[in-house]
file query08.cif (mmCIF, C-alpha atoms and all ligand atoms)
data_work
loop_
_atom_site.label_atom_id
_atom_site.label_comp_id
_atom_site.auth_asym_id
_atom_site.auth_seq_id
_atom_site.Cartn_x
_atom_site.Cartn_y
_atom_site.Cartn_z
CA MET A 1 23.19 21.05 -21.96
CA GLY A 2 20.18 19.34 -20.33
CA LYS A 3 20.63 16.32 -18.09
CA LYS A 4 20.44 12.95 -19.84
CA LYS A 5 17.44 10.93 -18.73
CA ARG A 6 18.13 7.39 -17.59
CA GLU A 7 17.10 4.55 -19.85
CA PRO A 8 14.84 1.82 -18.48
CA ARG A 9 16.59 -1.50 -17.92
CA VAL A 10 13.56 -3.48 -18.99
CA ARG A 11 11.34 -3.04 -22.01
CA TYR A 12 8.05 -1.31 -21.42
CA VAL A 13 5.25 -1.09 -23.91
CA LYS A 14 2.36 1.24 -23.35
CA GLY A 15 -0.67 -0.86 -22.53
CA GLN A 16 -3.75 -1.32 -20.40
CA GLY A 17 -4.19 -3.85 -17.63
CA ILE A 18 -7.52 -5.37 -18.54
CA SER A 19 -7.55 -8.93 -17.24
CA LYS A 20 -10.49 -9.73 -15.04
CA VAL A 21 -8.96 -11.39 -12.03
CA LYS A 22 -10.32 -11.75 -8.55
CA THR A 23 -9.41 -8.68 -6.52
CA ALA A 24 -7.88 -8.88 -3.11
CA TYR A 25 -11.07 -7.42 -1.72
CA GLU A 26 -13.02 -10.35 -3.08
CA ILE A 27 -10.32 -12.68 -1.83
CA HIS A 28 -10.66 -11.25 1.63
CA ASP A 29 -14.35 -12.12 1.66
CA LEU A 30 -13.28 -15.76 1.69
CA LYS A 31 -12.71 -17.45 5.01
CA ARG A 32 -9.39 -16.31 6.38
CA TYR A 33 -7.42 -18.54 8.68
CA GLN A 34 -3.96 -17.08 9.21
CA ASN A 35 -2.88 -20.51 10.40
CA LEU A 36 -0.22 -22.37 8.45
CA GLU A 37 -1.72 -25.75 9.30
CA HIS A 38 -4.81 -24.92 7.21
CA TYR A 39 -2.69 -24.28 4.13
CA LYS A 40 -0.66 -27.48 4.37
CA ASP A 41 -2.20 -29.23 1.37
CA VAL A 42 -3.12 -26.11 -0.62
CA VAL A 43 0.48 -24.88 -0.68
CA TYR A 44 1.51 -28.18 -2.20
CA GLN A 45 -0.71 -27.51 -5.22
CA CYS A 46 1.95 -25.08 -6.48
CA GLY A 47 3.16 -26.47 -9.79
CA LYS A 48 6.49 -24.57 -9.71
CA CYS A 49 5.60 -23.20 -13.13
CA GLY A 50 7.11 -19.79 -12.47
CA THR A 51 4.11 -17.88 -13.82
CA CYS A 52 4.13 -15.76 -10.66
CA ARG A 53 7.47 -14.24 -11.73
CA THR A 54 5.96 -12.31 -14.60
CA VAL A 55 2.77 -10.53 -15.54
CA PHE A 56 0.58 -13.32 -16.85
CA LYS A 57 -0.94 -11.19 -19.60
CA ASP A 58 -1.51 -7.57 -20.69
CA ALA A 59 2.05 -6.47 -19.98
CA TYR A 60 4.17 -8.57 -22.28
CA TRP A 61 5.50 -10.90 -19.60
CA SER A 62 7.19 -8.08 -17.70
CA ARG A 63 8.69 -9.06 -14.41
CA VAL A 64 6.50 -8.49 -11.43
CA CYS A 65 8.18 -9.65 -8.21
CA PRO A 66 10.66 -7.21 -6.58
CA SER A 67 11.71 -9.81 -4.01
CA GLY A 68 12.57 -12.43 -6.65
CA GLU A 69 14.24 -10.03 -9.08
CA PHE A 70 16.40 -8.61 -6.32
CA GLY A 71 17.07 -11.90 -4.51
CA LYS A 72 17.79 -13.69 -7.84
CA PHE A 73 16.94 -17.06 -6.38
CA GLU A 74 13.81 -19.19 -6.57
CA ALA A 75 13.23 -18.97 -2.81
CA TYR A 76 12.33 -15.29 -3.17
CA TYR A 77 9.52 -15.84 -5.66
CA LEU A 78 6.14 -17.11 -4.56
CA GLY A 79 6.75 -20.59 -6.00
CA GLY A 80 9.91 -20.95 -3.91
CA LYS A 81 8.24 -19.57 -0.84
CA ASN A 82 5.44 -22.11 -1.25
CA LEU A 83 7.98 -24.92 -1.27
CA LEU A 84 9.61 -23.56 1.89
CA ILE A 85 6.22 -23.35 3.60
CA TRP A 86 5.45 -26.93 2.64
CA ALA A 87 8.84 -28.05 3.99
CA ILE A 88 8.32 -26.19 7.28
CA ASN A 89 4.80 -27.58 7.65
CA SER A 90 6.02 -31.11 6.95
CA GLY A 91 8.82 -30.89 9.49
CA LYS A 92 11.49 -31.20 6.78
CA LEU A 93 12.92 -27.76 7.45
CA ASN A 94 13.47 -25.85 10.68
CA TRP A 95 13.12 -22.16 11.28
CA THR A 96 16.36 -20.22 11.06
CA GLU A 97 17.21 -16.54 10.86
CA ASP A 98 17.97 -16.86 7.13
CA LEU A 99 14.66 -18.57 6.45
CA ALA A 100 12.73 -15.85 8.28
CA LYS A 101 14.60 -13.21 6.28
CA ILE A 102 13.35 -14.71 3.01
CA PHE A 103 9.78 -14.13 4.14
CA TYR A 104 10.51 -10.61 5.37
CA GLN A 105 12.43 -9.66 2.23
CA CYS A 106 9.10 -9.31 0.42
CA SER A 107 6.79 -6.30 0.34
CA VAL A 108 3.63 -8.49 0.43
CA CYS A 109 2.63 -6.54 -2.67
CA MET A 110 0.59 -9.52 -3.91
CA ALA A 111 1.61 -9.05 -7.55
CA CYS A 112 2.63 -12.72 -7.66
CA VAL A 113 -0.72 -13.82 -6.27
CA GLN A 114 -2.53 -12.03 -9.09
CA GLN A 115 -0.59 -14.00 -11.69
CA CYS A 116 -1.00 -17.53 -10.32
CA GLN A 117 -3.73 -19.46 -12.10
CA ILE A 118 -4.18 -22.14 -9.41
CA PRO A 119 -7.44 -20.99 -7.78
CA GLU A 120 -6.51 -21.87 -4.18
CA ILE A 121 -3.13 -20.19 -4.48
CA HIS A 122 -4.66 -17.21 -6.23
CA SER A 123 -7.15 -16.93 -3.36
CA TYR A 124 -5.05 -17.72 -0.32
CA ALA A 125 -1.35 -17.10 -0.98
CA ALA A 126 -1.51 -13.55 0.39
CA GLU A 127 -2.84 -15.06 3.60
CA TRP A 128 -0.11 -17.60 3.99
CA LEU A 129 2.65 -15.11 3.20
CA MET A 130 1.30 -13.16 6.18
CA ALA A 131 0.84 -16.34 8.22
CA MET A 132 4.55 -17.12 7.77
CA ARG A 133 5.43 -13.76 9.32
CA GLU A 134 3.09 -14.41 12.20
CA GLU A 135 4.72 -17.79 12.70
CA ALA A 136 8.23 -16.27 12.45
CA VAL A 137 7.31 -13.96 15.33
CA LYS A 138 5.97 -16.91 17.36
CA GLN A 139 9.18 -18.84 16.70
CA GLY A 140 11.33 -15.90 17.79
CA PHE A 141 12.77 -15.13 14.33
CA GLY A 142 10.68 -12.07 13.54
CA PRO A 143 10.24 -9.20 13.21
CA MET A 144 13.49 -7.78 11.83
CA PRO A 145 15.48 -5.57 14.27
CA GLU A 146 14.43 -2.25 12.66
CA GLN A 147 10.80 -3.34 12.65
CA LYS A 148 11.05 -4.24 16.32
CA GLN A 149 12.51 -0.83 17.05
CA TYR A 150 9.78 1.13 15.26
CA THR A 151 7.11 -1.03 16.89
CA GLU A 152 8.45 -0.17 20.34
CA HIS A 153 8.26 3.49 19.39
CA ILE A 154 4.69 3.14 18.09
CA MET A 155 3.58 1.56 21.38
CA VAL A 156 4.76 4.69 23.22
CA GLU A 157 4.69 7.63 20.80
CA LYS A 158 2.06 6.29 18.36
CA ASN A 159 4.23 6.66 15.25
CA PRO A 160 7.06 4.64 13.63
CA TYR A 161 9.16 7.68 12.71
CA MET A 162 10.85 8.16 16.08
CA GLU A 163 8.91 11.42 16.45
CA LYS A 164 7.04 12.76 19.48
CA HIS A 165 3.30 12.21 19.61
CA GLY A 166 2.96 15.83 20.77
CA ASP A 167 4.29 16.97 17.37
CA ARG A 168 1.74 15.00 15.36
CA LEU A 169 -0.37 18.00 14.46
CA ASN A 170 2.48 20.40 13.74
CA TRP A 171 1.52 20.30 10.05
CA LEU A 172 -1.98 21.71 10.71
CA PRO A 173 -2.21 25.32 9.45
CA SER A 174 -4.33 27.81 11.38
CA HIS A 175 -6.61 28.47 8.37
CA ILE A 176 -8.02 24.92 8.42
CA LYS A 177 -11.54 24.93 9.87
CA GLN A 178 -12.68 21.93 11.86
CA SER A 179 -16.11 21.22 13.33
CA PRO A 180 -15.80 19.99 16.92
CA ASP A 181 -18.99 17.90 16.69
CA ALA A 182 -18.41 16.47 13.22
CA LYS A 183 -19.17 12.79 12.78
CA LEU A 184 -16.62 12.60 9.98
CA ALA A 185 -12.94 12.32 10.87
CA TYR A 186 -9.93 12.77 8.64
CA PHE A 187 -7.55 9.99 9.71
CA VAL A 188 -4.24 11.61 8.81
CA GLY A 189 -1.86 8.69 9.45
CA CYS A 190 1.81 8.87 10.44
CA THR A 191 3.46 9.48 7.06
CA SER A 192 1.29 12.50 6.23
CA SER A 193 1.63 13.81 9.80
CA TYR A 194 5.41 13.67 9.94
CA ARG A 195 6.95 13.15 6.49
CA GLU A 196 4.62 14.16 3.66
CA GLN A 197 2.70 16.95 5.30
CA SER A 198 1.65 18.49 1.98
CA VAL A 199 -0.75 15.54 1.60
CA ALA A 200 -2.37 16.31 4.97
CA VAL A 201 -2.63 20.03 4.19
CA ALA A 202 -4.09 19.40 0.72
CA THR A 203 -6.63 16.90 2.08
CA ALA A 204 -7.79 19.24 4.85
CA GLU A 205 -8.00 22.15 2.38
CA ILE A 206 -10.06 20.05 -0.04
CA LEU A 207 -12.51 19.22 2.76
CA ASN A 208 -12.74 22.90 3.68
CA SER A 209 -13.27 23.93 0.04
CA LEU A 210 -16.11 21.45 -0.23
CA GLN A 211 -17.54 22.76 3.05
CA VAL A 212 -17.47 19.31 4.58
CA ASP A 213 -17.75 19.24 8.38
CA PHE A 214 -14.86 17.20 9.68
CA ARG A 215 -12.39 16.96 12.53
CA ILE A 216 -9.06 15.38 13.31
CA LEU A 217 -8.82 13.52 16.60
CA THR A 218 -5.90 14.99 18.53
CA ASN A 219 -5.06 11.61 20.06
CA GLU A 220 -4.91 9.86 16.68
CA SER A 221 -2.40 7.02 16.67
CA CYS A 222 -0.64 4.95 14.03
CA CYS A 223 -3.23 2.61 12.47
CA GLY A 224 -0.93 -0.34 13.23
CA SER A 225 -0.29 -1.36 9.62
CA PRO A 226 3.53 -1.46 9.97
CA VAL A 227 3.06 -3.72 13.00
CA TYR A 228 0.48 -6.01 11.42
CA MET A 229 2.37 -6.34 8.13
CA THR A 230 5.44 -7.59 10.00
CA GLY A 231 3.54 -10.40 11.70
CA GLN A 232 3.18 -8.82 15.14
CA ILE A 233 -0.47 -9.64 15.44
CA GLU A 234 -1.01 -9.21 19.18
CA LYS A 235 0.52 -5.75 19.23
CA ALA A 236 -1.30 -4.71 16.05
CA LYS A 237 -4.58 -5.83 17.59
CA GLU A 238 -3.88 -3.82 20.73
CA ILE A 239 -3.35 -0.69 18.59
CA ALA A 240 -6.48 -1.44 16.57
CA GLU A 241 -8.65 -1.82 19.66
CA LYS A 242 -7.44 1.46 21.14
CA ASN A 243 -8.08 3.28 17.85
CA VAL A 244 -11.54 1.82 17.36
CA ASN A 245 -12.56 2.57 20.97
CA MET A 246 -11.33 6.13 20.74
CA PHE A 247 -13.12 6.82 17.45
CA LYS A 248 -16.35 5.19 18.62
CA GLU A 249 -16.29 7.06 21.94
CA SER A 250 -15.76 10.31 20.03
CA GLY A 251 -18.95 9.69 18.04
CA ILE A 252 -17.18 9.25 14.69
CA GLU A 253 -19.34 7.53 12.06
CA SER A 254 -17.15 7.87 9.01
CA ILE A 255 -13.46 8.29 8.21
CA ILE A 256 -11.59 9.69 5.24
CA THR A 257 -8.04 8.47 4.71
CA SER A 258 -5.33 9.84 2.47
CA CYS A 259 -2.96 6.91 3.10
CA ALA A 260 -3.49 3.58 1.33
CA GLY A 261 -2.11 1.62 4.30
CA CYS A 262 -4.42 3.32 6.82
CA TYR A 263 -7.38 2.70 4.50
CA ARG A 264 -6.73 -1.01 4.15
CA THR A 265 -6.08 -1.36 7.87
CA TRP A 266 -9.28 0.37 8.98
CA LYS A 267 -11.48 -1.12 6.29
CA ASP A 268 -10.12 -4.65 6.07
CA THR A 269 -7.66 -5.66 8.80
CA TYR A 270 -9.64 -4.31 11.77
CA PRO A 271 -12.90 -6.12 10.97
CA ASN A 272 -11.70 -9.11 8.95
CA LYS A 273 -8.56 -10.03 10.82
CA PHE A 274 -9.23 -8.71 14.32
CA GLY A 275 -13.02 -9.09 14.37
CA LEU A 276 -13.44 -5.42 15.25
CA ASN A 277 -16.71 -4.70 13.49
CA HIS A 278 -16.52 -0.99 14.15
CA GLY A 279 -19.31 -0.03 11.75
CA ILE A 280 -17.42 3.15 10.80
CA GLU A 281 -17.65 3.94 7.09
CA VAL A 282 -14.15 4.23 5.63
CA LYS A 283 -13.43 6.03 2.38
CA HIS A 284 -10.14 6.73 0.69
CA LEU A 285 -9.82 10.30 -0.61
CA PRO A 286 -10.16 9.41 -4.33
CA GLU A 287 -13.40 7.53 -3.61
CA PHE A 288 -14.71 10.55 -1.71
CA ILE A 289 -13.76 12.95 -4.53
CA GLN A 290 -15.20 10.62 -7.17
CA ASP A 291 -18.47 10.59 -5.25
CA LYS A 292 -18.54 14.41 -5.10
CA LEU A 293 -17.86 14.62 -8.84
CA LYS A 294 -20.67 12.17 -9.61
CA LYS A 295 -23.10 14.16 -7.47
CA ASP A 296 -22.02 17.39 -9.15
CA GLU A 297 -20.91 18.74 -5.80
CA LEU A 298 -17.45 19.39 -7.15
CA ASN A 299 -16.28 20.90 -10.40
CA PHE A 300 -12.67 21.52 -11.18
CA SER A 301 -12.25 25.13 -12.17
CA LYS A 302 -8.51 25.36 -12.80
CA GLU A 303 -6.48 23.80 -15.53
CA ILE A 304 -3.30 21.85 -14.79
CA ASN A 305 -1.46 21.22 -18.00
CA MET A 306 0.60 18.19 -17.24
CA LYS A 307 1.30 14.70 -18.51
CA ILE A 308 1.15 12.30 -15.60
CA THR A 309 1.30 8.59 -14.93
CA TYR A 310 -0.54 6.91 -12.09
CA HIS A 311 1.08 4.44 -9.71
CA ASP A 312 -1.36 2.01 -8.04
CA PRO A 313 -0.44 1.70 -4.35
CA CYS A 314 -0.54 -2.02 -3.44
CA HIS A 315 -2.67 -1.40 -0.35
CA ILE A 316 -5.57 0.14 -2.22
CA GLY A 317 -4.98 -1.63 -5.54
CA ARG A 318 -4.34 -5.33 -5.19
CA HIS A 319 -5.19 -5.40 -1.49
CA MET A 320 -8.54 -3.59 -1.83
CA GLY A 321 -9.43 -3.53 -5.52
CA ILE A 322 -9.50 0.28 -6.00
CA TYR A 323 -8.23 1.04 -9.49
CA LYS A 324 -10.97 3.13 -11.08
CA ALA A 325 -11.63 5.97 -8.62
CA PRO A 326 -8.17 7.61 -8.71
CA ARG A 327 -8.04 7.40 -12.51
CA GLU A 328 -11.51 8.87 -12.92
CA VAL A 329 -10.63 11.75 -10.60
CA LEU A 330 -7.33 12.50 -12.33
CA GLU A 331 -8.89 12.34 -15.79
CA LYS A 332 -11.54 14.88 -14.77
CA ILE A 333 -8.92 17.51 -13.96
CA PRO A 334 -8.75 19.89 -16.96
CA GLY A 335 -5.43 19.70 -18.77
CA ILE A 336 -4.27 16.44 -17.20
CA GLU A 337 -3.17 13.75 -19.62
CA LEU A 338 -2.97 10.33 -17.98
CA LEU A 339 -0.40 7.96 -19.48
CA GLU A 340 -0.51 4.39 -18.22
CA MET A 341 2.60 2.45 -17.36
CA THR A 342 2.66 -1.00 -18.93
CA ARG A 343 2.40 -2.64 -15.54
CA ASN A 344 -0.71 -1.01 -14.17
CA ARG A 345 -3.68 -1.85 -11.94
CA HIS A 346 -3.35 -5.42 -10.61
CA ASN A 347 -0.12 -5.84 -12.60
CA ALA A 348 1.57 -2.77 -11.10
CA TRP A 349 5.17 -3.08 -9.96
CA CYS A 350 5.38 -2.27 -6.23
CA CYS A 351 7.22 0.90 -5.14
CA GLY A 352 9.13 -1.17 -2.59
CA SER A 353 8.20 0.66 0.58
CA GLY A 354 5.60 -1.64 2.17
CA GLY A 355 5.62 -4.76 4.29
CA GLY A 356 8.46 -3.48 6.48
CA VAL A 357 10.88 -3.69 3.52
CA ARG A 358 11.88 -0.05 3.53
CA SER A 359 13.04 -0.11 7.13
CA SER A 360 14.89 -3.45 7.02
CA PHE A 361 15.90 -4.12 3.41
CA LYS A 362 16.97 -0.75 2.08
CA GLU A 363 18.70 -2.01 -1.05
CA LEU A 364 15.70 -4.06 -2.15
CA SER A 365 13.46 -1.11 -1.39
CA ALA A 366 15.54 1.29 -3.52
CA PHE A 367 15.81 -1.32 -6.30
CA ALA A 368 12.01 -1.59 -6.50
CA ALA A 369 11.50 2.18 -6.39
CA ASN A 370 14.05 2.81 -9.13
CA GLU A 371 12.48 0.27 -11.45
CA ARG A 372 9.09 1.97 -11.01
CA ILE A 373 10.59 5.43 -11.53
CA GLU A 374 12.25 4.24 -14.75
CA GLU A 375 8.95 2.81 -15.95
CA ALA A 376 7.22 6.12 -15.19
CA ILE A 377 9.91 8.08 -17.05
CA GLY A 378 9.41 5.70 -19.99
CA THR A 379 5.83 6.94 -20.42
CA THR A 380 7.17 10.51 -20.99
CA ALA A 381 5.04 11.72 -18.07
CA GLU A 382 6.17 14.79 -16.16
CA ALA A 383 4.99 13.36 -12.85
CA ILE A 384 4.32 10.05 -11.18
CA VAL A 385 1.15 10.44 -9.15
CA SER A 386 -0.09 8.15 -6.42
CA CYS A 387 -2.58 8.37 -3.58
CA CYS A 388 -0.46 7.17 -0.73
CA PRO A 389 2.07 9.32 1.17
CA PHE A 390 4.32 6.29 1.68
CA CYS A 391 4.62 5.71 -2.08
CA LEU A 392 5.14 9.46 -2.52
CA ASN A 393 7.92 9.54 0.05
CA GLN A 394 9.52 6.48 -1.53
CA PHE A 395 9.53 8.09 -4.99
CA LYS A 396 10.80 11.45 -3.72
CA THR A 397 13.64 9.68 -1.91
CA ASN A 398 14.72 7.78 -5.02
CA ILE A 399 14.15 10.29 -7.84
CA LYS A 400 17.44 11.85 -8.88
CA ASP A 401 18.17 15.18 -10.58
CA ASN A 402 14.47 16.09 -10.96
CA GLU A 403 14.14 13.53 -13.75
CA ILE A 404 10.40 13.30 -12.95
CA GLN A 405 8.18 14.83 -10.26
CA ALA A 406 6.41 12.78 -7.59
CA LEU A 407 2.98 14.03 -6.53
CA ASP A 408 -0.01 12.90 -4.55
CA LEU A 409 -3.49 12.96 -6.05
CA SER A 410 -4.62 15.24 -3.20
CA GLU A 411 -2.12 17.91 -4.28
CA LEU A 412 -3.42 17.94 -7.86
CA VAL A 413 -7.06 17.99 -6.75
CA ARG A 414 -6.34 20.87 -4.37
CA LYS A 415 -4.73 22.88 -7.18
CA ALA A 416 -7.59 22.19 -9.59
CA ILE A 417 -10.44 23.31 -7.28
S1 LIG B 1 2.60 -20.05 -7.13
FE1 LIG B 1 1.32 -20.46 -8.93
S2 LIG B 1 2.35 -19.37 -10.60
FE2 LIG B 1 3.83 -19.53 -8.92
S3 LIG B 1 5.01 -21.38 -9.37
FE3 LIG B 1 3.32 -21.99 -8.01
S4 LIG B 1 1.67 -22.63 -9.40
FE4 LIG B 1 3.14 -21.49 -10.65
S1 LIG B 2 4.30 -10.42 -2.55
FE1 LIG B 2 5.38 -9.14 -4.07
S2 LIG B 2 7.54 -9.15 -3.40
FE2 LIG B 2 6.49 -10.81 -2.29
S3 LIG B 2 6.83 -12.67 -3.50
FE3 LIG B 2 4.89 -11.78 -4.21
S4 LIG B 2 5.41 -10.40 -5.94
FE4 LIG B 2 7.30 -10.90 -4.82
#

call {"tool": "encode", "arguments": {"input": "query08.cif", "output": "structure tokens", "more": "lines below"}}
Ligand code: SF4
Ligand code: SF4
result
Amino acid sequence: MGKKKREPRVRYVKGQGISKVKTAYEIHDLKRYQNLEHYKDVVYQCGKCGTCRTVFKDAYWSRVCPSGEFGKFEAYYLGGKNLLIWAINSGKLNWTEDLAKIFYQCSVCMACVQQCQIPEIHSYAAEWLMAMREEAVKQGFGPMPEQKQYTEHIMVEKNPYMEKHGDRLNWLPSHIKQSPDAKLAYFVGCTSSYREQSVAVATAEILNSLQVDFRILTNESCCGSPVYMTGQIEKAKEIAEKNVNMFKESGIESIITSCAGCYRTWKDTYPNKFGLNHGIEVKHLPEFIQDKLKKDELNFSKEINMKITYHDPCHIGRHMGIYKAPREVLEKIPGIELLEMTRNRHNAWCCGSGGGVRSSFKELSAFAANERIEEAIGTTAEAIVSCCPFCLNQFKTNIKDNEIQALDLSELVRKAI
């Protein structure tokens, strides 16, 4: 007798996310302050309407905030957080360990921000959620102990996984050809280097198949995203500066990433937050593949008969506005049938791994992952596909009894070439 598939706890209806809302990328073109003082009056515009708890439209009012649904208290939703920020800014509330935890028990997925219809909140709330973490660090209440521990390791061994830097390239097979003078670098990132090495292998093989000259810098370090996202701005900036200097000195003019977090960090955080205008072109793998398909420089020759659903990683979706490229690439693979989850694109439910949540709030992290897995199973897809090794690792960790497969877009593309 086959294993019984789990039933979703919430109702999902197949649909398409079609609302035109401002993307995070557009938001980030606005002036960014990262200073709580600047948000004093804007935060107070929050009408406590609770709209940020659910998908405003297109997904039948499905819930959208992992922090609030897990915490089960208003403080964990954006509306509650806004009130806390106002109280802190007005001197009515003091920093405490418990208060800091509320702000860290949030994956900064920005799903709430997408739902709020107050323009200033819609535009700036992601900034002040980050500003609260920065302030928590300044006040001595952040980061969380596990985040502090991985940061210390990053500063020495250049990865948060307690691994040796010398082992970073252990995944690299001898058949991969690199060009020592290439101006294009594949920025592998820590998760693909140490935990989801199939993503790194597939990406390098794709580049070889397309006869693209590239190289991997042997001294590559963590991009600093896990440090930045936990409010440790000075340390994150130090990492960013070292990375940018090393890549510039090596003559790199463009970078391909296979990790959503690395992409956002190089493309957005380095220039827009740290003022490091590195001038290096940054492309995420699906954008690169989409470009090759458009130019007819790539044709998929093999069929993959599989029903899949696509999970939008927060760091390339809401944070950077990339929704189309991965879908277009997946749909071009012969035999692939793409089934959308109800909460898709800017309405996607977060996998629960980002923002330092997975290291410090394991139960919340698993709760979020399981809800997404259930939603994916509800589509009848055979696999949940993403284009971020951190999402992939999160799904693989939480999928039970092979109820659905978890794959990265790079793995499917590699198979289809
Ligand atoms: S943040 Fe926006 S959606 Fe949420 S309670 Fe405040 S006004 Fe309403
Ligand atoms: S960023 Fe995500 S987890 Fe945090 S309050 Fe908003 S919806 Fe909830």

call {"tool": "residues_near_ligand", "arguments": {"input": "query08.cif", "ligand": "ligand LIG 2 (chain B)", "cutoff": "10 Å", "atoms": "only C-alpha atoms and all ligand atoms", "output": "PyMOL selection string"}}
result
chain A and resi 52-55+63-71+75-82+102-115+125-126+129-130+314+347-350+352+354-355+357+364+368

call {"tool": "axis_aligned_box", "arguments": {"input": "query08.cif", "around": "ligand LIG 1 (chain B)", "padding_each_side": "4 Å", "output": "AutoDock Vina command-line options"}}
result
--center_x 3.2 --center_y -21.0 --center_z -8.9 --size_x 11.7 --size_y 11.3 --size_z 11.5

call {"tool": "closest_residue", "arguments": {"input": "query08.cif", "among": "A:Leu338, A:Ile118, A:Ala100, A:Ala185", "to": "ligand LIG 1 (chain B)", "atoms": "all atoms listed in the file"}}
result
A:Ile118

call {"tool": "residues_near_point", "arguments": {"input": "query08.cif", "point": "(-2.6, 18.0, 4.1)", "cutoff": "10 Å", "atoms": "all atoms listed in the file", "output": "list in words"}}
result
Trp171, Leu172, Pro173, Ile176, Val188, Ser192, Ser193, Glu196, Gln197, Ser198, Val199, Ala200, Val201, Ala202, Thr203, Ala204, Glu205, Ile206, Ser258, Ser410, Glu411 and Arg414 of chain A

call {"tool": "closest_residue", "arguments": {"input": "query08.cif", "among": "A:Lys177, A:His38, A:Lys248, A:Lys415", "to": "Phe300 of chain A", "atoms": "only C-alpha atoms"}}
result
A:Lys415

call {"tool": "closest_residue", "arguments": {"input": "query08.cif", "among": "A:Lys273, A:Gly261, A:Cys391, A:Leu407", "to": "Met306 of chain A", "atoms": "all atoms listed in the file"}}
result
A:Leu407
